[in-house]
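Okay, so here's the structure we're looking at.
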Amino acid sequence: MEIAFSRLDERVAKFTISGISTSFANMLRRAMISEVPTLAIEDVRIYDNTSVLFDEMLTHRLGLIPLRTDLKRYAPRAECTCEGVGCPVCTATYTLSVEGPKMVYSSDLIPQDPDAAPAEEKIPIISLGQEQKVVLEAYAIVSTGKEHAKWQATTACGYKNYPQITIDERCDGCGMCVDECPRNVLETGQGKVRVIGGRQEFCSLCRLCERACVAGGIGTEAAIHIGVDANRFIFVVEGDGSMPVREIIERALQYIQKSSDDLVDVMNDITGEGTE
Ligand code: SF4
Ligand code: SF4
Ligand SMILES: [Zn+2]
């Protein structure tokens with residue numbers, strides 16, 4: 001297996017993995033989406049709400065705000081010694097006290113722990129009119145996207161097969177496929193068409209180039225052929241700001257490793273291997 005990153009910053013990662021099957025690629029994608037724990041607001045105590053939103057709608061909107069999550073600091077409530085009661089080890093507490101007229105943003109949500117603040121400051125929660133008020137206390141806990149989308153650490157996470165572009169000897173360099181390509185992948189040179197250096201992974205597999213070639217009268221089969229490498233995948237992962245995207249990838253891989261180890265343990269228990 002080989003991994004090559006073409007982009008890795010706080011919010012976005014783009015990388016290619018070679019030597020894996022589609023099943024493994026999909027397992028990694030699913031683990032990043034639904035098995036990486038984050039904080040999200042789960043309980044809200046409303047003291048006052050004279051806004052136009054029902055309490056339920058307001059709390060739903062609060063639940064969807066991404067919160068910065070330090071998983072070394074917070075434990076899932078089910079694993080906490082408080083046994084589900086709620087304590088600083090498993091719960092982050094926030095207060096919101098606002099009065100209109102004003103637009104209430106995520107930055108108005110004041111965290112007790114500054115390291116668990118909303119990941120973005122300008123997420124609109126509600127527009128308050130004259131003399132409308134919202135006063136509440138909110139409690140966030142750690143869980144995963146498997147339970148609810150509000151605990152997903154990724155906003156976009158997907159992969160595609162690595163494109164393979166081949167050009168046969170019938171190509172006369174007419175350039176019709178170059179004009180048709182929406183991703184600026186091709187160029188002409190020395191009487192032939194070729195892939196622009198470093199642009200191959202941007203090919204969307206739309207096959208417009210093949211159609212342009214046939215339309216140009218070359219025959220029933222195009223001189224350019226678009227295929228895929230079945231064991232090489234391009235991933236794009238975008239985080240919601242709750243943690244660096246690098247941590248999302250690492251935690252997803254740790255989840256896969258732990259699941260595999262657990263399965264091996266179960267197999268050993270069944271077959272009696274690995275025991276004294
Ligand atoms: S398949 Fe589409 S994106 Fe890829 S080279 Fe052909 S026209 Fe361009
Ligand atoms: S359209 Fe066909 S013949 Fe013309 S440059 Fe592209 S591949 Fe070559
Ligand atoms: Zn607790």
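Lettering and numbering for the structure tokens are positional, with chains as A, B, ... in the shown order, residues counted from 1 in each chain, and ligands counted from 1 in the shown order.
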| said: DSSP on the backbone, strand (DSSP E or B) only: what residues of range 63-239 of chain A does that give? Format it as a count of residues only. | reply: 71
| field | Ser259 in chain A environment, 12 Å, only C-alpha atoms, sequence neighbours closer than 5 positions dropped, as a PyMOL selection string | value | chain A and resi 27+31+35+252-254+264-266
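Here the question is which of A:Gly198, A:Pro182, A:Gly63, A:Pro244 gets nearest to ligand 1 using only C-alpha atoms and all ligand atoms, and that residue is A:Pro182.
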| request: Find, counting only C-alpha atoms and all ligand atoms, the residue in A:Lys122, A:Arg61, A:Arg73, A:Arg45 that gets nearest to ligand 3. | output: A:Arg73
| request: Find the residues near ligand 2. Use a cut-off of 12 Å, count only C-alpha atoms and all ligand atoms, and write them as a ChimeraX atom specification. | output: /A:165-181,185-195,207-226
| All residues having an atom within 10 Å of ligand 3 (only C-alpha atoms and all ligand atoms) as number ranges by chain | A: 74-91, 141
Kindly save the residues from that selection, with N, CA and C atoms included, as an mmCIF file, in the first residue's frame.
data_model
loop_
_atom_site.group_PDB
_atom_site.id
_atom_site.type_symbol
_atom_site.label_atom_id
_atom_site.label_comp_id
_atom_site.auth_asym_id
_atom_site.auth_seq_id
_atom_site.Cartn_x
_atom_site.Cartn_y
_atom_site.Cartn_z
ATOM 1 N N TYR A 74 -12.150 14.807 26.490
ATOM 2 C CA TYR A 74 -13.533 14.363 26.713
ATOM 3 C C TYR A 74 -13.696 12.870 26.419
ATOM 4 N N ALA A 75 -14.441 12.200 27.304
ATOM 5 C CA ALA A 75 -14.717 10.770 27.124
ATOM 6 C C ALA A 75 -16.193 10.601 26.760
ATOM 7 N N PRO A 76 -16.514 9.560 25.997
ATOM 8 C CA PRO A 76 -17.938 9.295 25.740
ATOM 9 C C PRO A 76 -18.666 9.063 27.071
ATOM 10 N N ARG A 77 -19.897 9.550 27.167
ATOM 11 C CA ARG A 77 -20.622 9.484 28.442
ATOM 12 C C ARG A 77 -20.788 8.029 28.915
ATOM 13 N N ALA A 78 -20.975 7.131 27.963
ATOM 14 C CA ALA A 78 -21.187 5.724 28.345
ATOM 15 C C ALA A 78 -19.960 5.129 29.041
ATOM 16 N N GLU A 79 -18.767 5.712 28.752
ATOM 17 C CA GLU A 79 -17.538 5.174 29.358
ATOM 18 C C GLU A 79 -17.098 5.985 30.580
ATOM 19 N N CYS A 80 -17.870 7.009 30.944
ATOM 20 C CA CYS A 80 -17.456 7.918 32.010
ATOM 21 C C CYS A 80 -17.836 7.358 33.383
ATOM 22 N N THR A 81 -17.043 7.717 34.391
ATOM 23 C CA THR A 81 -17.306 7.210 35.746
ATOM 24 C C THR A 81 -18.579 7.804 36.346
ATOM 25 N N CYS A 82 -19.113 8.888 35.756
ATOM 26 C CA CYS A 82 -20.343 9.479 36.292
ATOM 27 C C CYS A 82 -21.568 8.634 35.951
ATOM 28 N N GLU A 83 -21.378 7.610 35.146
ATOM 29 C CA GLU A 83 -22.445 6.671 34.761
ATOM 30 C C GLU A 83 -23.644 7.368 34.115
ATOM 31 N N GLY A 84 -23.351 8.315 33.217
ATOM 32 C CA GLY A 84 -24.419 8.930 32.430
ATOM 33 C C GLY A 84 -25.062 10.152 33.055
ATOM 34 N N VAL A 85 -24.635 10.522 34.259
ATOM 35 C CA VAL A 85 -25.238 11.685 34.934
ATOM 36 C C VAL A 85 -24.801 12.982 34.238
ATOM 37 N N GLY A 86 -23.552 13.007 33.772
ATOM 38 C CA GLY A 86 -22.992 14.217 33.163
ATOM 39 C C GLY A 86 -22.016 14.878 34.112
ATOM 40 N N CYS A 87 -20.769 15.032 33.674
ATOM 41 C CA CYS A 87 -19.734 15.663 34.502
ATOM 42 C C CYS A 87 -18.728 16.322 33.556
ATOM 43 N N PRO A 88 -17.767 17.101 34.081
ATOM 44 C CA PRO A 88 -16.829 17.806 33.182
ATOM 45 C C PRO A 88 -15.980 16.872 32.311
ATOM 46 N N VAL A 89 -15.873 15.594 32.681
ATOM 47 C CA VAL A 89 -15.076 14.658 31.877
ATOM 48 C C VAL A 89 -15.817 14.245 30.593
ATOM 49 N N CYS A 90 -17.142 14.221 30.646
ATOM 50 C CA CYS A 90 -17.896 13.745 29.481
ATOM 51 C C CYS A 90 -18.812 14.821 28.897
ATOM 52 N N THR A 91 -18.875 16.009 29.508
ATOM 53 C CA THR A 91 -19.852 17.019 29.067
ATOM 54 C C THR A 91 -19.202 18.399 28.968
ATOM 55 N N ILE A 141 -22.008 16.384 24.286
ATOM 56 C CA ILE A 141 -21.343 15.121 24.638
ATOM 57 C C ILE A 141 -20.669 14.535 23.397
#
| request: Pick out the residues sitting within 9 Å of Val98 in chain A, and hand them over as a count of residues only; count only C-alpha atoms, and ignore anything fewer than 4 positions along from it in its own chain. | output: 8
| Excluding same-chain residues fewer than 2 positions from Glu120 in chain A, what lies within 9 Å of it counting only C-alpha atoms, as a ChimeraX atom specification? | /A:65-67,106-107,117-118,122-123,240-241
Output file for the selection above: C-alpha atoms, as a CSV table (one decimal), in the first residue's frame:
chain,number,residue,atom,x,y,z
A,65,ILE,CA,-23.0,23.6,15.2
A,66,PRO,CA,-19.6,21.9,14.9
A,67,LEU,CA,-17.6,22.2,18.2
A,106,SER,CA,-22.5,30.6,17.0
A,107,SER,CA,-20.0,33.0,18.6
A,117,ALA,CA,-15.8,26.5,21.4
A,118,PRO,CA,-17.8,26.4,18.2
A,122,LYS,CA,-20.4,33.1,12.0
A,123,ILE,CA,-23.0,30.3,11.9
A,240,ASP,CA,-16.1,20.4,9.8
A,241,GLY,CA,-13.5,22.1,12.0
